[in-house]
Every structure is written in structure tokens, then in C-alpha cells.
$ cat data35.txt   # compact mmCIF, N, CA and C atoms and all ligand atoms
# COMPACT_ATOMS: atom_id res chain seq x y z
N MET G 279 22.16 -19.30 72.51
CA MET G 279 21.50 -19.86 73.71
C MET G 279 21.79 -18.95 74.90
N ALA G 280 20.73 -18.55 75.60
CA ALA G 280 20.90 -17.69 76.78
C ALA G 280 20.95 -18.55 78.04
N ARG G 281 21.65 -18.01 79.03
CA ARG G 281 21.67 -18.66 80.34
C ARG G 281 20.65 -17.95 81.22
N ILE G 282 19.61 -18.68 81.60
CA ILE G 282 18.46 -18.07 82.27
C ILE G 282 18.33 -18.62 83.69
N GLY G 283 18.23 -17.71 84.67
CA GLY G 283 17.99 -18.10 86.05
C GLY G 283 16.49 -17.99 86.36
N LEU G 284 15.97 -19.00 87.04
CA LEU G 284 14.54 -19.03 87.42
C LEU G 284 14.44 -19.11 88.94
N VAL G 285 13.69 -18.19 89.52
CA VAL G 285 13.53 -18.15 90.98
C VAL G 285 12.12 -17.65 91.29
N ALA G 286 11.49 -18.26 92.30
CA ALA G 286 10.20 -17.75 92.75
C ALA G 286 10.06 -17.98 94.25
N HIS G 287 9.54 -17.01 94.93
CA HIS G 287 9.20 -17.21 96.33
C HIS G 287 7.99 -18.14 96.43
N ASP G 288 7.77 -18.70 97.62
CA ASP G 288 6.81 -19.80 97.75
C ASP G 288 5.44 -19.48 97.17
N ASP G 289 4.88 -18.32 97.49
CA ASP G 289 3.54 -17.99 97.00
C ASP G 289 3.51 -17.65 95.51
N LYS G 290 4.67 -17.61 94.89
CA LYS G 290 4.76 -17.29 93.45
C LYS G 290 5.21 -18.49 92.62
N LYS G 291 5.43 -19.63 93.28
CA LYS G 291 5.96 -20.78 92.54
C LYS G 291 4.93 -21.33 91.54
N ASP G 292 3.66 -21.37 91.93
CA ASP G 292 2.64 -21.85 90.98
C ASP G 292 2.62 -20.97 89.73
N GLU G 293 2.73 -19.66 89.96
CA GLU G 293 2.69 -18.72 88.83
C GLU G 293 3.90 -18.92 87.91
N LEU G 294 5.08 -19.12 88.52
CA LEU G 294 6.28 -19.32 87.69
C LEU G 294 6.18 -20.64 86.92
N CYS G 295 5.67 -21.69 87.58
CA CYS G 295 5.53 -22.98 86.88
C CYS G 295 4.56 -22.85 85.71
N ALA G 296 3.44 -22.15 85.92
CA ALA G 296 2.47 -21.96 84.82
C ALA G 296 3.13 -21.18 83.69
N TRP G 297 3.93 -20.17 84.03
CA TRP G 297 4.65 -19.39 83.01
C TRP G 297 5.63 -20.30 82.24
N ALA G 298 6.35 -21.14 82.98
CA ALA G 298 7.33 -22.02 82.34
C ALA G 298 6.64 -23.03 81.41
N VAL G 299 5.48 -23.54 81.83
CA VAL G 299 4.74 -24.47 80.97
C VAL G 299 4.28 -23.74 79.70
N GLN G 300 3.80 -22.52 79.88
CA GLN G 300 3.34 -21.71 78.74
C GLN G 300 4.48 -21.48 77.74
N HIS G 301 5.69 -21.31 78.25
CA HIS G 301 6.83 -20.97 77.39
C HIS G 301 7.81 -22.13 77.23
N LYS G 302 7.30 -23.34 77.44
CA LYS G 302 8.19 -24.51 77.46
C LYS G 302 9.04 -24.62 76.20
N ARG G 303 8.42 -24.44 75.04
CA ARG G 303 9.17 -24.62 73.79
C ARG G 303 10.34 -23.62 73.71
N LYS G 304 10.08 -22.37 74.01
CA LYS G 304 11.16 -21.36 73.94
C LYS G 304 12.21 -21.62 75.02
N LEU G 305 11.76 -21.98 76.22
CA LEU G 305 12.72 -22.23 77.30
C LEU G 305 13.63 -23.42 76.97
N SER G 306 13.09 -24.39 76.19
CA SER G 306 13.89 -25.59 75.87
C SER G 306 15.11 -25.24 75.03
N GLU G 307 15.14 -24.05 74.43
CA GLU G 307 16.28 -23.64 73.59
C GLU G 307 17.39 -23.02 74.43
N HIS G 308 17.16 -22.89 75.75
CA HIS G 308 18.10 -22.15 76.59
C HIS G 308 18.63 -23.02 77.72
N ASP G 309 19.65 -22.45 78.40
CA ASP G 309 20.33 -23.14 79.49
C ASP G 309 19.69 -22.64 80.80
N LEU G 310 18.98 -23.52 81.50
CA LEU G 310 18.19 -23.09 82.65
C LEU G 310 18.89 -23.42 83.97
N TRP G 311 18.89 -22.43 84.86
CA TRP G 311 19.45 -22.57 86.20
C TRP G 311 18.37 -22.12 87.17
N ALA G 312 18.38 -22.66 88.40
CA ALA G 312 17.35 -22.24 89.34
C ALA G 312 17.77 -22.52 90.77
N THR G 313 17.19 -21.76 91.70
CA THR G 313 17.32 -22.14 93.10
C THR G 313 16.60 -23.47 93.30
N GLY G 314 17.00 -24.20 94.34
CA GLY G 314 16.63 -25.61 94.47
C GLY G 314 15.16 -25.95 94.38
N THR G 315 14.35 -25.31 95.21
CA THR G 315 12.94 -25.71 95.25
C THR G 315 12.22 -25.25 93.99
N THR G 316 12.51 -24.04 93.56
CA THR G 316 11.90 -23.54 92.32
C THR G 316 12.25 -24.44 91.15
N GLY G 317 13.54 -24.78 91.03
CA GLY G 317 13.97 -25.59 89.90
C GLY G 317 13.34 -26.97 89.89
N GLY G 318 13.21 -27.56 91.08
CA GLY G 318 12.55 -28.87 91.16
C GLY G 318 11.11 -28.79 90.69
N ARG G 319 10.44 -27.73 91.08
CA ARG G 319 9.04 -27.54 90.66
C ARG G 319 8.94 -27.32 89.15
N VAL G 320 9.86 -26.53 88.60
CA VAL G 320 9.82 -26.25 87.16
C VAL G 320 10.12 -27.52 86.36
N MET G 321 11.08 -28.30 86.82
CA MET G 321 11.38 -29.55 86.12
C MET G 321 10.18 -30.49 86.14
N ALA G 322 9.52 -30.58 87.30
CA ALA G 322 8.36 -31.48 87.40
C ALA G 322 7.22 -30.99 86.51
N ALA G 323 7.05 -29.67 86.42
CA ALA G 323 5.94 -29.12 85.64
C ALA G 323 6.18 -29.20 84.14
N THR G 324 7.45 -29.04 83.73
CA THR G 324 7.74 -28.92 82.28
C THR G 324 8.47 -30.11 81.70
N GLY G 325 9.18 -30.86 82.54
CA GLY G 325 10.05 -31.92 82.03
C GLY G 325 11.35 -31.40 81.44
N LEU G 326 11.59 -30.10 81.53
CA LEU G 326 12.82 -29.51 80.99
C LEU G 326 13.98 -29.74 81.97
N PRO G 327 15.21 -29.87 81.47
CA PRO G 327 16.36 -29.96 82.36
C PRO G 327 16.68 -28.59 82.97
N VAL G 328 16.91 -28.58 84.26
CA VAL G 328 17.27 -27.35 84.97
C VAL G 328 18.43 -27.68 85.89
N THR G 329 19.47 -26.88 85.88
CA THR G 329 20.57 -27.07 86.83
C THR G 329 20.16 -26.47 88.16
N LEU G 330 20.16 -27.31 89.20
CA LEU G 330 19.67 -26.88 90.50
C LEU G 330 20.80 -26.36 91.37
N LEU G 331 20.60 -25.16 91.92
CA LEU G 331 21.52 -24.60 92.91
C LEU G 331 20.94 -24.89 94.29
N LYS G 332 21.55 -24.32 95.33
CA LYS G 332 20.99 -24.47 96.68
C LYS G 332 19.62 -23.80 96.74
N SER G 333 18.82 -24.21 97.71
CA SER G 333 17.58 -23.48 97.95
C SER G 333 17.91 -22.03 98.29
N GLY G 334 17.00 -21.13 97.94
CA GLY G 334 17.26 -19.70 98.14
C GLY G 334 17.71 -19.35 99.55
N PRO G 335 16.94 -19.72 100.57
CA PRO G 335 17.33 -19.35 101.94
C PRO G 335 18.63 -19.99 102.40
N LEU G 336 19.10 -21.02 101.68
CA LEU G 336 20.35 -21.69 102.04
C LEU G 336 21.53 -21.26 101.17
N GLY G 337 21.34 -20.19 100.40
CA GLY G 337 22.45 -19.66 99.61
C GLY G 337 22.25 -19.65 98.11
N GLY G 338 21.12 -20.17 97.62
CA GLY G 338 20.90 -20.23 96.17
C GLY G 338 20.85 -18.86 95.51
N ASP G 339 20.26 -17.89 96.20
CA ASP G 339 20.24 -16.53 95.63
C ASP G 339 21.67 -16.02 95.48
N GLN G 340 22.50 -16.31 96.44
CA GLN G 340 23.89 -15.85 96.40
C GLN G 340 24.66 -16.56 95.28
N GLN G 341 24.34 -17.83 95.06
CA GLN G 341 25.00 -18.53 93.95
C GLN G 341 24.65 -17.89 92.62
N LEU G 342 23.37 -17.52 92.44
CA LEU G 342 22.98 -16.84 91.21
C LEU G 342 23.67 -15.48 91.11
N GLY G 343 23.79 -14.79 92.25
CA GLY G 343 24.50 -13.51 92.26
C GLY G 343 25.95 -13.68 91.83
N ALA G 344 26.58 -14.75 92.30
CA ALA G 344 27.97 -15.01 91.91
C ALA G 344 28.05 -15.28 90.41
N MET G 345 27.08 -16.02 89.88
CA MET G 345 27.08 -16.28 88.43
C MET G 345 26.98 -14.97 87.66
N ILE G 346 26.16 -14.05 88.16
CA ILE G 346 26.00 -12.75 87.49
C ILE G 346 27.32 -11.99 87.50
N CYS G 347 27.98 -11.91 88.67
CA CYS G 347 29.24 -11.14 88.69
C CYS G 347 30.31 -11.77 87.82
N GLU G 348 30.22 -13.07 87.63
CA GLU G 348 31.23 -13.76 86.80
C GLU G 348 30.84 -13.79 85.33
N GLY G 349 29.74 -13.13 84.97
CA GLY G 349 29.32 -13.10 83.57
C GLY G 349 28.76 -14.42 83.09
N ARG G 350 28.17 -15.21 84.00
CA ARG G 350 27.68 -16.54 83.62
C ARG G 350 26.16 -16.63 83.61
N LEU G 351 25.45 -15.50 83.69
CA LEU G 351 23.99 -15.52 83.61
C LEU G 351 23.53 -14.32 82.78
N ASP G 352 22.63 -14.56 81.82
CA ASP G 352 22.18 -13.50 80.92
C ASP G 352 20.83 -12.92 81.33
N VAL G 353 19.99 -13.75 81.92
CA VAL G 353 18.60 -13.37 82.20
C VAL G 353 18.23 -13.89 83.58
N LEU G 354 17.50 -13.08 84.36
CA LEU G 354 17.00 -13.55 85.65
C LEU G 354 15.49 -13.33 85.70
N ILE G 355 14.76 -14.44 85.80
CA ILE G 355 13.31 -14.39 85.98
C ILE G 355 13.09 -14.67 87.46
N PHE G 356 12.72 -13.66 88.21
CA PHE G 356 12.64 -13.79 89.68
C PHE G 356 11.28 -13.26 90.13
N PHE G 357 10.35 -14.20 90.36
CA PHE G 357 9.01 -13.82 90.81
C PHE G 357 9.06 -13.63 92.33
N ILE G 358 9.21 -12.37 92.72
CA ILE G 358 9.31 -12.00 94.14
C ILE G 358 7.91 -11.88 94.72
N ASP G 359 7.74 -12.33 95.96
CA ASP G 359 6.47 -12.14 96.67
C ASP G 359 6.56 -10.84 97.48
N PRO G 360 5.84 -9.81 97.06
CA PRO G 360 5.95 -8.53 97.77
C PRO G 360 5.12 -8.48 99.05
N LEU G 361 4.40 -9.57 99.35
CA LEU G 361 3.50 -9.56 100.50
C LEU G 361 3.97 -10.43 101.65
N SER G 362 5.11 -11.10 101.49
CA SER G 362 5.61 -11.97 102.56
C SER G 362 7.03 -11.58 102.94
N ALA G 363 7.30 -11.60 104.25
CA ALA G 363 8.67 -11.36 104.71
C ALA G 363 9.51 -12.60 104.42
N GLN G 364 10.73 -12.39 103.97
CA GLN G 364 11.63 -13.50 103.66
C GLN G 364 12.77 -13.51 104.69
N PRO G 365 13.08 -14.69 105.25
CA PRO G 365 14.17 -14.74 106.23
C PRO G 365 15.51 -14.34 105.62
N HIS G 366 15.63 -14.52 104.31
CA HIS G 366 16.89 -14.21 103.63
C HIS G 366 16.72 -12.96 102.76
N ASP G 367 16.02 -11.98 103.29
CA ASP G 367 15.74 -10.76 102.51
C ASP G 367 17.03 -10.07 102.04
N VAL G 368 18.08 -10.15 102.86
CA VAL G 368 19.34 -9.52 102.43
C VAL G 368 19.88 -10.19 101.16
N ASP G 369 19.67 -11.50 101.05
CA ASP G 369 20.15 -12.21 99.84
C ASP G 369 19.31 -11.82 98.63
N VAL G 370 18.00 -11.68 98.85
CA VAL G 370 17.10 -11.27 97.76
C VAL G 370 17.53 -9.90 97.24
N LYS G 371 17.77 -8.98 98.17
CA LYS G 371 18.20 -7.63 97.77
C LYS G 371 19.54 -7.68 97.05
N ALA G 372 20.46 -8.51 97.56
CA ALA G 372 21.78 -8.61 96.92
C ALA G 372 21.65 -9.14 95.50
N LEU G 373 20.79 -10.12 95.30
CA LEU G 373 20.62 -10.69 93.96
C LEU G 373 20.03 -9.66 92.99
N THR G 374 18.98 -8.97 93.41
CA THR G 374 18.38 -7.99 92.50
C THR G 374 19.35 -6.82 92.27
N ARG G 375 20.12 -6.48 93.29
CA ARG G 375 21.12 -5.41 93.13
C ARG G 375 22.18 -5.80 92.08
N LEU G 376 22.68 -7.03 92.18
CA LEU G 376 23.72 -7.45 91.23
C LEU G 376 23.16 -7.57 89.81
N ALA G 377 21.92 -8.04 89.70
CA ALA G 377 21.30 -8.13 88.37
C ALA G 377 21.19 -6.74 87.76
N THR G 378 20.87 -5.75 88.58
CA THR G 378 20.77 -4.37 88.10
C THR G 378 22.16 -3.83 87.76
N LEU G 379 23.11 -4.05 88.67
CA LEU G 379 24.47 -3.54 88.49
C LEU G 379 25.10 -4.05 87.20
N TYR G 380 24.89 -5.34 86.90
CA TYR G 380 25.54 -5.96 85.75
C TYR G 380 24.67 -5.97 84.50
N ASP G 381 23.56 -5.20 84.52
CA ASP G 381 22.70 -5.09 83.34
C ASP G 381 22.18 -6.43 82.84
N VAL G 382 21.85 -7.30 83.77
CA VAL G 382 21.21 -8.56 83.39
C VAL G 382 19.74 -8.28 83.11
N LEU G 383 19.18 -8.93 82.10
CA LEU G 383 17.74 -8.81 81.86
C LEU G 383 17.02 -9.37 83.08
N LEU G 384 16.17 -8.56 83.71
CA LEU G 384 15.56 -8.94 84.99
C LEU G 384 14.05 -8.76 84.93
N ALA G 385 13.32 -9.84 85.22
CA ALA G 385 11.86 -9.78 85.24
C ALA G 385 11.36 -10.22 86.61
N ASN G 386 10.52 -9.41 87.22
CA ASN G 386 9.97 -9.74 88.53
C ASN G 386 8.49 -10.08 88.50
N ASN G 387 7.90 -10.06 87.31
CA ASN G 387 6.48 -10.47 87.21
C ASN G 387 6.21 -11.04 85.82
N LYS G 388 5.03 -11.64 85.67
CA LYS G 388 4.74 -12.38 84.43
C LYS G 388 4.77 -11.52 83.18
N PRO G 389 4.11 -10.35 83.14
CA PRO G 389 4.14 -9.58 81.90
C PRO G 389 5.56 -9.19 81.48
N THR G 390 6.39 -8.87 82.47
CA THR G 390 7.78 -8.52 82.14
C THR G 390 8.54 -9.76 81.69
N ALA G 391 8.28 -10.89 82.34
CA ALA G 391 8.94 -12.14 81.93
C ALA G 391 8.55 -12.51 80.50
N ASP G 392 7.28 -12.30 80.14
CA ASP G 392 6.84 -12.55 78.75
C ASP G 392 7.66 -11.70 77.78
N ALA G 393 7.79 -10.42 78.11
CA ALA G 393 8.49 -9.49 77.22
C ALA G 393 9.98 -9.83 77.14
N VAL G 394 10.57 -10.16 78.28
CA VAL G 394 11.99 -10.49 78.30
C VAL G 394 12.26 -11.75 77.48
N LEU G 395 11.45 -12.77 77.68
CA LEU G 395 11.70 -14.02 76.95
C LEU G 395 11.50 -13.81 75.45
N ALA G 396 10.54 -12.98 75.08
CA ALA G 396 10.33 -12.70 73.66
C ALA G 396 11.55 -12.01 73.05
N ALA G 397 12.30 -11.28 73.87
CA ALA G 397 13.45 -10.52 73.38
C ALA G 397 14.72 -11.36 73.35
N VAL G 398 14.69 -12.52 74.00
CA VAL G 398 15.90 -13.34 74.10
C VAL G 398 16.03 -14.22 72.85
N GLN G 399 17.24 -14.21 72.29
CA GLN G 399 17.49 -15.03 71.07
C GLN G 399 17.85 -16.45 71.47
O1 LIG W 401 13.96 -18.14 98.24
C1 LIG W 401 14.05 -18.08 97.05
C2 LIG W 401 14.44 -16.84 96.40
O2 LIG W 401 14.75 -15.79 97.27
C3 LIG W 401 13.79 -19.25 96.22
O3 LIG W 401 14.39 -20.40 96.75
P1 LIG W 401 13.76 -21.82 96.46
O4 LIG W 401 13.59 -21.93 94.99
O5 LIG W 401 14.74 -22.81 96.98
O6 LIG W 401 12.45 -21.84 97.21

$ encode --input "data35.txt" --output "C-alpha cells" --more "lines below"
Ligand SMILES: O=C(CO)COP(=O)(O)O
Amino acid sequence: MARIGLVAHDDKKDELCAWAVQHKRKLSEHDLWATGTTGGRVMAATGLPVTLLKSGPLGGDQQLGAMICEGRLDVLIFFIDPLSAQPHDVDVKALTRLATLYDVLLANNKPTADAVLAAVQ
């Protein structure tokens, strides 16, 4: 069972929810974590259990970063919105930096998320 983090910026939440519904059966085999608003949306869309962290702008990205440094997250599915400024951009950068530093499987868009999930046991 993999520990998977799910995060999406506001304009990408519909896309992440559609992805989660598409992959509901495979996701149900794993331990799901998410920033607050994203996780609430994914739970409502799929009915899957998701452990909710703080909302991203309130520290949720940093909580996922801490999980990564502590070896408690295997995969990060993070649908970033490249067209909107984020008030917590430093946290977004810190999270993607730590995912890269610690060799976590990291997907920032749907085709990559499809490939990553297919590779996860
Ligand atoms: O802002 C986010 C990621 O940077 C996501 O946070 P929410 O899921 O709480 O909207």
C-alpha cells in the first residue's frame, strides 16, 4: 500500500476529482492524504476515505512537505495551476522542492498522474 498525497489548486480541483473518480478502484487500495479543500472535494466525489491536512494556504502544503522529509509519503499528485498566482507560492515551491529532493513520485498533470498511479503497487 502506497501513501499518496493529493493536492490541487482551485482551478484544477475539478480535474483532480475527475481523475480520482476515474481511478477510484486503484486509489481505494492506498492510503490517501490531502490538503483540506482538495481532500474534501475528493472524498465527496469518490466516497473514498482521505486524511485531511490543513488547507494549502494555511499550512497544508508544509504538512505534506514534512511528511516527505520524514519518509511518510510515497507519491504526490499535485495539480498545480500555472496560470494563477498563489498567495502561498513559497509553500508550493517548498513542497515540490522536497518531493524532488527526496525522490518522491511526483505528478503535476493528468497524463503523468495516470502513469505514476499505474506504476504504484
Ligand atoms: O493550495 C493548495 C496547494 O498549494 C491546495 O490547498 P486546498 O486543497 O486546501 O485548496

$ closest_atom_pairs --input "data35.txt" --of "chain G" --to "ligand LIG 401 (chain W)" --cutoff "7 Å" --atoms "all atoms listed in the file" --output "CSV"
residue,atom,partner,partner_atom,distance
G:Leu284,C,W:LIG401,O4,6.7
G:Val285,CA,W:LIG401,C3,5.4
G:Ala286,C,W:LIG401,C3,4.4
G:His287,N,W:LIG401,C3,5.0
G:Asp288,N,W:LIG401,O6,5.7
G:Ala312,C,W:LIG401,O4,6.0
G:Thr313,C,W:LIG401,O4,3.8
G:Gly314,N,W:LIG401,O5,3.7
G:Thr315,N,W:LIG401,O5,3.1
G:Thr316,N,W:LIG401,O4,2.8
G:Gly317,N,W:LIG401,O4,4.9
G:Gly318,N,W:LIG401,O4,6.9
G:Lys332,C,W:LIG401,O5,5.0
G:Ser333,CA,W:LIG401,O5,3.1
G:Gly334,N,W:LIG401,O3,3.0
G:Pro335,N,W:LIG401,O1,4.1
G:Leu336,N,W:LIG401,O5,6.7
G:Gly338,CA,W:LIG401,O3,6.5
G:Asp339,CA,W:LIG401,O2,5.8
G:His366,C,W:LIG401,O2,6.5
G:Asp369,C,W:LIG401,O2,6.2
G:Val370,CA,W:LIG401,O2,5.1

$ closest_residue --input "data35.txt" --among "G:Cys295, G:Leu354, G:Cys347, G:Val368" --to "G:Leu326" --atoms "only C-alpha atoms"
G:Cys295

$ closest_residue --input "data35.txt" --among "G:Ala385, G:Leu310, G:Ala280, G:Ala298" --to "G:Phe356" --atoms "only C-alpha atoms"
G:Ala385

$ select_by_dssp --input "data35.txt" --residues "stretch 289-389 of chain G" --states "alpha helix (DSSP H)" --output "ChimeraX atom specification"
/G:291-300,302-305,314-324,338-347,367-379,388-389

$ closest_residue --input "data35.txt" --among "G:Leu330, G:Asp392, G:Gln399, G:Leu373" --to "G:His301" --atoms "only C-alpha atoms"
G:Asp392

$ select_by_dssp --input "data35.txt" --residues "stretch 341-374 of chain G" --states "strand (DSSP E)" --output "ChimeraX atom specification"
/G:353-357

$ write_last_selection --input "data35.txt" --atoms "N, CA and C atoms" --output "PDB file, in the frame of the given file"
ATOM      1  N   VAL G 353      19.990 -13.750  81.920  1.00  0.00           N
ATOM      2  CA  VAL G 353      18.600 -13.370  82.200  1.00  0.00           C
ATOM      3  C   VAL G 353      18.230 -13.890  83.580  1.00  0.00           C
ATOM      4  N   LEU G 354      17.500 -13.080  84.360  1.00  0.00           N
ATOM      5  CA  LEU G 354      17.000 -13.550  85.650  1.00  0.00           C
ATOM      6  C   LEU G 354      15.490 -13.330  85.700  1.00  0.00           C
ATOM      7  N   ILE G 355      14.760 -14.440  85.800  1.00  0.00           N
ATOM      8  CA  ILE G 355      13.310 -14.390  85.980  1.00  0.00           C
ATOM      9  C   ILE G 355      13.090 -14.670  87.460  1.00  0.00           C
ATOM     10  N   PHE G 356      12.720 -13.660  88.210  1.00  0.00           N
ATOM     11  CA  PHE G 356      12.640 -13.790  89.680  1.00  0.00           C
ATOM     12  C   PHE G 356      11.280 -13.260  90.130  1.00  0.00           C
ATOM     13  N   PHE G 357      10.350 -14.200  90.360  1.00  0.00           N
ATOM     14  CA  PHE G 357       9.010 -13.820  90.810  1.00  0.00           C
ATOM     15  C   PHE G 357       9.060 -13.630  92.330  1.00  0.00           C
TER      16      PHE G 357
END

$ closest_residue --input "data35.txt" --among "G:Leu361, G:Ala372, G:Leu331, G:Ala322" --to "G:Gly343" --atoms "only N, CA and C atoms"
G:Ala372

$ closest_residue --input "data35.txt" --among "G:Val320, G:Val328, G:Leu342, G:Met279" --to "G:Val398" --atoms "all atoms listed in the file"
G:Met279

$ atom_distance --input "data35.txt" --atom1 "atom CA of G:Gln340" --atom2 "atom CA of G:Ala396"
26.7 Å

$ atom_distance --input "data35.txt" --atom1 "atom C of G:Gly349" --atom2 "atom C of G:Thr390"
20.8 Å

$ closest_residue --input "data35.txt" --among "G:Lys388, G:Asp352, G:Val394, G:Leu379" --to "G:Ala296" --atoms "only C-alpha atoms"
G:Lys388

$ atom_distance --input "data35.txt" --atom1 "atom N of G:Tyr380" --atom2 "atom CA of G:Glu307"
24.2 Å
